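Read the structure below first, then the notes.
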Amino acid sequence: MADVRALVDHYVELLSALSGVRAVLLGGSFARDAADRWSDLDLMIVAADGVAPAELADAALVAVTASNEPLLAIRRDSDHSCLVNLVLPPWIRLDISVTDDPRPGGPRMSLRQVYGEPIEITSSMEDTVDLEAAAAVITQLVRVYGLLPVVLGRDDLITATQGSHLVWGELVNLCLLVDPETSRMGALSKAQRILPEHRDLLLSLPAIAPDRESILAFHEAAFPDTPCSSGD
């Protein structure tokens with residue numbers, strides 16, 4: 001972890017030295033002191049008054065990649081912010097966001113200021129389940145599950161297998177929505193974000209293979225109160 005911390009310090013120092021930087025904030029697992037050597041590094045730059053985020057993003061990209069050519073670089077710009085996703089050798093995942101919002105943050109974000117004049121961070125934590133997201137997950141589950149008799153009746157094992165994996169993914173998403181506190185954690189931390197009892201249930205489901213028996217076994221285990229029909 002010492003090497004990881006040194007890496008954080010390196011990029012914070014690099015970005016804070018840029019002209020037009022009002023503040024630098026550390027995000028994600030590093031902001032929560034929950035990072036490991038696999039964690040990606042999330043940094044947010046708050047631009048000074050009159051400095052365009054796009055220009056500051058240009059400067060940040062030049063500074064970061066000057067001595068380390070990226071394996072992958074993706075950039076997305078909007079009116080008031082820019083996001084740069086980088087993968088640097090040997091395999092450093094670095095996300096840099098630039099904003100001109102003097103009060104950065106938002107729901108379910110973890111941010112900690114590491115450079116600049118003190119600023120107000122509007123990061124907040126909702127303590128309720130996102131009902132709209134839950135409804136979308138349940139709708140998708142019902143839709144895919146409802147197609148099972150059709151695809152098995154047609155002996156379409158490719159679609160049935162694909163649909164079963166979709167069901168697995170939506171069950172994971174549903175478990176993630178149960179405990180809003182875990183939504184602060186990163187997308188690659190699902191094993192830690194899911195409550196232990198739900199994680200055990202997910203891992204106990206039968207493996208999905210492209211054959212009729214395993215597909216039915218998976219669905220019967222996933223939906224024990226809803227008899228599966230083969231479509232015959």
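By order of appearance in the structure tokens: chains A, B, ..., then residues from 1 within every chain, and ligands from 1 in the order shown.
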Give one line per residue of range 89-150 of chain A that approaches range 41-59 of chain A to at most 9 Å, naming the two atoms of the closest pair and their distance in Å to one decimal, counting only C-alpha atoms; sort by chain then ascending residue number and deliver it as a tab-separated table.
residue	atom	partner	partner_atom	distance
A:Ile92	CA	A:Leu41	CA	8.0
A:Arg93	CA	A:Leu41	CA	6.2
A:Leu94	CA	A:Leu41	CA	4.8
A:Asp95	CA	A:Asp42	CA	4.9
A:Ile96	CA	A:Leu43	CA	5.0
A:Ser97	CA	A:Met44	CA	4.7
A:Val98	CA	A:Ile45	CA	4.7
A:Thr99	CA	A:Val46	CA	5.2
A:Asp100	CA	A:Ala47	CA	5.0
A:Asp101	CA	A:Val46	CA	6.9
A:Pro102	CA	A:Val46	CA	7.0
A:Arg103	CA	A:Val46	CA	8.8
A:Pro104	CA	A:Val46	CA	7.6
A:Leu111	CA	A:Met44	CA	8.5
Could you save those same residues with N, CA, C and O atoms as a JSON list (two decimals), in the first residue's frame?
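Now in result_33.json:
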[["chain", "number", "residue", "atom", "x", "y", "z"],
["A", 92, "ILE", "N", -2.28, 1.26, -14.33],
["A", 92, "ILE", "CA", -2.79, 2.25, -13.39],
["A", 92, "ILE", "C", -4.06, 2.85, -13.97],
["A", 92, "ILE", "O", -4.05, 3.43, -15.06],
["A", 93, "ARG", "N", -5.16, 2.67, -13.27],
["A", 93, "ARG", "CA", -6.43, 3.24, -13.72],
["A", 93, "ARG", "C", -6.64, 4.58, -13.03],
["A", 93, "ARG", "O", -6.82, 4.66, -11.83],
["A", 94, "LEU", "N", -6.60, 5.63, -13.83],
["A", 94, "LEU", "CA", -6.67, 7.00, -13.31],
["A", 94, "LEU", "C", -7.82, 7.73, -13.97],
["A", 94, "LEU", "O", -7.88, 7.84, -15.20],
["A", 95, "ASP", "N", -8.76, 8.21, -13.16],
["A", 95, "ASP", "CA", -9.89, 9.00, -13.65],
["A", 95, "ASP", "C", -9.74, 10.42, -13.14],
["A", 95, "ASP", "O", -9.68, 10.65, -11.92],
["A", 96, "ILE", "N", -9.70, 11.37, -14.06],
["A", 96, "ILE", "CA", -9.57, 12.79, -13.70],
["A", 96, "ILE", "C", -10.80, 13.53, -14.18],
["A", 96, "ILE", "O", -11.11, 13.52, -15.38],
["A", 97, "SER", "N", -11.52, 14.15, -13.27],
["A", 97, "SER", "CA", -12.65, 14.99, -13.65],
["A", 97, "SER", "C", -12.29, 16.44, -13.35],
["A", 97, "SER", "O", -11.60, 16.73, -12.37],
["A", 98, "VAL", "N", -12.74, 17.33, -14.22],
["A", 98, "VAL", "CA", -12.48, 18.76, -14.06],
["A", 98, "VAL", "C", -13.83, 19.47, -14.09],
["A", 98, "VAL", "O", -14.65, 19.23, -14.99],
["A", 99, "THR", "N", -14.06, 20.33, -13.12],
["A", 99, "THR", "CA", -15.34, 21.03, -13.04],
["A", 99, "THR", "C", -15.12, 22.50, -12.69],
["A", 99, "THR", "O", -14.11, 22.85, -12.07],
["A", 100, "ASP", "N", -16.08, 23.34, -13.10],
["A", 100, "ASP", "CA", -16.03, 24.74, -12.67],
["A", 100, "ASP", "C", -17.06, 25.01, -11.59],
["A", 100, "ASP", "O", -17.31, 26.16, -11.22],
["A", 101, "ASP", "N", -17.67, 23.94, -11.06],
["A", 101, "ASP", "CA", -18.63, 24.07, -9.97],
["A", 101, "ASP", "C", -17.87, 24.39, -8.68],
["A", 101, "ASP", "O", -17.05, 23.59, -8.23],
["A", 102, "PRO", "N", -18.15, 25.55, -8.05],
["A", 102, "PRO", "CA", -17.42, 25.89, -6.82],
["A", 102, "PRO", "C", -17.83, 25.04, -5.62],
["A", 102, "PRO", "O", -17.18, 25.07, -4.59],
["A", 103, "ARG", "N", -18.93, 24.28, -5.77],
["A", 103, "ARG", "CA", -19.37, 23.38, -4.70],
["A", 103, "ARG", "C", -19.55, 21.99, -5.30],
["A", 103, "ARG", "O", -20.66, 21.53, -5.54],
["A", 104, "PRO", "N", -18.45, 21.30, -5.58],
["A", 104, "PRO", "CA", -18.53, 20.02, -6.29],
["A", 104, "PRO", "C", -19.11, 18.92, -5.43],
["A", 104, "PRO", "O", -19.16, 19.00, -4.21],
["A", 111, "LEU", "N", -15.85, 12.27, -1.48],
["A", 111, "LEU", "CA", -14.82, 13.22, -1.89],
["A", 111, "LEU", "C", -14.09, 13.75, -0.66],
["A", 111, "LEU", "O", -14.70, 13.97, 0.39]]
message: DSSP on the backbone, strand (DSSP E) only: what residues of chain A does that give? Format it as JSON, numbers by chain.
response: {"A": [21, 22, 23, 24, 25, 26, 27, 41, 42, 43, 44, 45, 46, 47, 72, 73, 74, 75, 76, 77, 81, 82, 83, 84, 85, 86, 87, 88, 92, 93, 94, 95, 96, 97, 98, 99, 111, 112, 113, 114, 115, 116]}
query: Would you give me, as a PyMOL selection string, the residues in range 47-222 of chain A that DSSP reads as helix (DSSP H, G or I)?
result: chain A and resi 53-65+131-146+148-153+157-178+180-184+190-193+196-204+212-222
message: I'd like the contact shell of range 131-148 of chain A - 10 Å cut-off, only C-alpha atoms, skipping same-chain residues fewer than 5 positions apart - returned as a ChimeraX atom specification.
response: /A:153-154,156,159-164,166-178,215-216,219,223,228-231
Let me see the file: selected residues, N, CA and C atoms, as a PDB file, in the first residue's frame.
ATOM      1  N   GLY A 153     -38.909 -23.545 -25.109  1.00  0.00           N
ATOM      2  CA  GLY A 153     -39.853 -24.243 -25.969  1.00  0.00           C
ATOM      3  C   GLY A 153     -39.359 -24.339 -27.399  1.00  0.00           C
ATOM      4  N   ARG A 154     -38.594 -23.339 -27.819  1.00  0.00           N
ATOM      5  CA  ARG A 154     -38.002 -23.340 -29.160  1.00  0.00           C
ATOM      6  C   ARG A 154     -36.640 -24.031 -29.184  1.00  0.00           C
ATOM      7  N   ASP A 156     -33.970 -22.934 -27.949  1.00  0.00           N
ATOM      8  CA  ASP A 156     -32.957 -21.910 -28.241  1.00  0.00           C
ATOM      9  C   ASP A 156     -32.070 -21.755 -27.008  1.00  0.00           C
ATOM     10  N   THR A 159     -30.067 -18.219 -26.538  1.00  0.00           N
ATOM     11  CA  THR A 159     -30.827 -17.123 -25.938  1.00  0.00           C
ATOM     12  C   THR A 159     -31.172 -17.426 -24.490  1.00  0.00           C
ATOM     13  N   ALA A 160     -31.493 -18.687 -24.190  1.00  0.00           N
ATOM     14  CA  ALA A 160     -31.827 -19.063 -22.816  1.00  0.00           C
ATOM     15  C   ALA A 160     -30.628 -18.873 -21.886  1.00  0.00           C
ATOM     16  N   THR A 161     -29.444 -19.230 -22.369  1.00  0.00           N
ATOM     17  CA  THR A 161     -28.231 -19.056 -21.560  1.00  0.00           C
ATOM     18  C   THR A 161     -27.927 -17.577 -21.364  1.00  0.00           C
ATOM     19  N   GLN A 162     -28.038 -16.816 -22.447  1.00  0.00           N
ATOM     20  CA  GLN A 162     -27.799 -15.376 -22.352  1.00  0.00           C
ATOM     21  C   GLN A 162     -28.793 -14.727 -21.392  1.00  0.00           C
ATOM     22  N   GLY A 163     -30.060 -15.119 -21.494  1.00  0.00           N
ATOM     23  CA  GLY A 163     -31.076 -14.564 -20.607  1.00  0.00           C
ATOM     24  C   GLY A 163     -30.833 -14.922 -19.152  1.00  0.00           C
ATOM     25  N   SER A 164     -30.332 -16.122 -18.909  1.00  0.00           N
ATOM     26  CA  SER A 164     -30.041 -16.537 -17.536  1.00  0.00           C
ATOM     27  C   SER A 164     -28.933 -15.689 -16.931  1.00  0.00           C
ATOM     28  N   LEU A 166     -28.345 -12.633 -17.813  1.00  0.00           N
ATOM     29  CA  LEU A 166     -28.969 -11.331 -17.566  1.00  0.00           C
ATOM     30  C   LEU A 166     -29.723 -11.338 -16.236  1.00  0.00           C
ATOM     31  N   VAL A 167     -30.427 -12.434 -15.960  1.00  0.00           N
ATOM     32  CA  VAL A 167     -31.137 -12.561 -14.685  1.00  0.00           C
ATOM     33  C   VAL A 167     -30.152 -12.488 -13.529  1.00  0.00           C
ATOM     34  N   TRP A 168     -29.041 -13.212 -13.646  1.00  0.00           N
ATOM     35  CA  TRP A 168     -28.002 -13.172 -12.607  1.00  0.00           C
ATOM     36  C   TRP A 168     -27.545 -11.731 -12.366  1.00  0.00           C
ATOM     37  N   GLY A 169     -27.275 -11.010 -13.451  1.00  0.00           N
ATOM     38  CA  GLY A 169     -26.817  -9.632 -13.318  1.00  0.00           C
ATOM     39  C   GLY A 169     -27.842  -8.734 -12.654  1.00  0.00           C
ATOM     40  N   GLU A 170     -29.118  -8.918 -12.984  1.00  0.00           N
ATOM     41  CA  GLU A 170     -30.160  -8.084 -12.380  1.00  0.00           C
ATOM     42  C   GLU A 170     -30.383  -8.446 -10.913  1.00  0.00           C
ATOM     43  N   LEU A 171     -30.198  -9.707 -10.558  1.00  0.00           N
ATOM     44  CA  LEU A 171     -30.274 -10.087  -9.144  1.00  0.00           C
ATOM     45  C   LEU A 171     -29.156  -9.409  -8.350  1.00  0.00           C
ATOM     46  N   VAL A 172     -27.971  -9.335  -8.948  1.00  0.00           N
ATOM     47  CA  VAL A 172     -26.864  -8.615  -8.305  1.00  0.00           C
ATOM     48  C   VAL A 172     -27.241  -7.146  -8.126  1.00  0.00           C
ATOM     49  N   ASN A 173     -27.784  -6.528  -9.176  1.00  0.00           N
ATOM     50  CA  ASN A 173     -28.178  -5.120  -9.092  1.00  0.00           C
ATOM     51  C   ASN A 173     -29.231  -4.897  -8.015  1.00  0.00           C
ATOM     52  N   LEU A 174     -30.161  -5.836  -7.890  1.00  0.00           N
ATOM     53  CA  LEU A 174     -31.201  -5.717  -6.871  1.00  0.00           C
ATOM     54  C   LEU A 174     -30.593  -5.779  -5.472  1.00  0.00           C
ATOM     55  N   CYS A 175     -29.636  -6.672  -5.284  1.00  0.00           N
ATOM     56  CA  CYS A 175     -28.960  -6.771  -3.984  1.00  0.00           C
ATOM     57  C   CYS A 175     -28.193  -5.490  -3.662  1.00  0.00           C
ATOM     58  N   LEU A 176     -27.609  -4.872  -4.681  1.00  0.00           N
ATOM     59  CA  LEU A 176     -26.857  -3.637  -4.466  1.00  0.00           C
ATOM     60  C   LEU A 176     -27.762  -2.492  -4.024  1.00  0.00           C
ATOM     61  N   LEU A 177     -29.028  -2.539  -4.432  1.00  0.00           N
ATOM     62  CA  LEU A 177     -29.957  -1.466  -4.097  1.00  0.00           C
ATOM     63  C   LEU A 177     -30.515  -1.590  -2.681  1.00  0.00           C
ATOM     64  N   VAL A 178     -30.372  -2.755  -2.083  1.00  0.00           N
ATOM     65  CA  VAL A 178     -30.983  -2.997  -0.776  1.00  0.00           C
ATOM     66  C   VAL A 178     -30.356  -2.136   0.308  1.00  0.00           C
ATOM     67  N   ILE A 215     -30.072 -24.641 -16.980  1.00  0.00           N
ATOM     68  CA  ILE A 215     -30.833 -23.394 -17.085  1.00  0.00           C
ATOM     69  C   ILE A 215     -32.079 -23.463 -16.210  1.00  0.00           C
ATOM     70  N   LEU A 216     -32.790 -24.582 -16.268  1.00  0.00           N
ATOM     71  CA  LEU A 216     -33.968 -24.748 -15.421  1.00  0.00           C
ATOM     72  C   LEU A 216     -33.588 -24.780 -13.944  1.00  0.00           C
ATOM     73  N   HIS A 219     -32.945 -21.182 -12.743  1.00  0.00           N
ATOM     74  CA  HIS A 219     -34.159 -20.385 -12.583  1.00  0.00           C
ATOM     75  C   HIS A 219     -35.012 -20.880 -11.420  1.00  0.00           C
ATOM     76  N   PHE A 223     -35.826 -18.362  -8.437  1.00  0.00           N
ATOM     77  CA  PHE A 223     -37.231 -18.011  -8.205  1.00  0.00           C
ATOM     78  C   PHE A 223     -37.959 -19.228  -7.633  1.00  0.00           C
ATOM     79  N   CYS A 228     -40.943 -23.014 -12.761  1.00  0.00           N
ATOM     80  CA  CYS A 228     -40.446 -22.789 -14.115  1.00  0.00           C
ATOM     81  C   CYS A 228     -41.173 -23.715 -15.080  1.00  0.00           C
ATOM     82  N   SER A 229     -41.427 -23.213 -16.243  1.00  0.00           N
ATOM     83  CA  SER A 229     -42.062 -24.021 -17.283  1.00  0.00           C
ATOM     84  C   SER A 229     -41.118 -24.136 -18.454  1.00  0.00           C
ATOM     85  N   SER A 230     -41.014 -25.310 -19.004  1.00  0.00           N
ATOM     86  CA  SER A 230     -40.122 -25.515 -20.144  1.00  0.00           C
ATOM     87  C   SER A 230     -40.732 -25.047 -21.440  1.00  0.00           C
ATOM     88  N   GLY A 231     -42.011 -24.733 -21.436  1.00  0.00           N
ATOM     89  CA  GLY A 231     -42.670 -24.284 -22.645  1.00  0.00           C
ATOM     90  C   GLY A 231     -43.270 -25.419 -23.437  1.00  0.00           C
TER      91      GLY A 231
END
task: May I ask for the distance between CA of Leu83 in chain A and CA of Gly20 in chain A, given in Å to one decimal place?
output: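 Interatomic distance, CA of Leu83 in chain A to CA of Gly20 in chain A: 16.9 Å.
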- prompt: Quick one: residues within 10 Å of Val8 in chain A, only C-alpha atoms counted, chain neighbours fewer than 3 positions away excluded, as an MDAnalysis selection string?
  reply: chainID A and resid 2:5 11:14 26 30 41:43 94
Nearest candidate to Gln113 in chain A (options A:Arg76, A:Arg32, A:Arg199, A:Arg212; using only C-alpha atoms): A:Arg32
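Between Asp40 in chain A and the candidates A:Leu86, A:Ala23, A:Leu15, A:Val64, the tightest atom-to-atom separation, counting only C-alpha atoms, involves A:Leu86.
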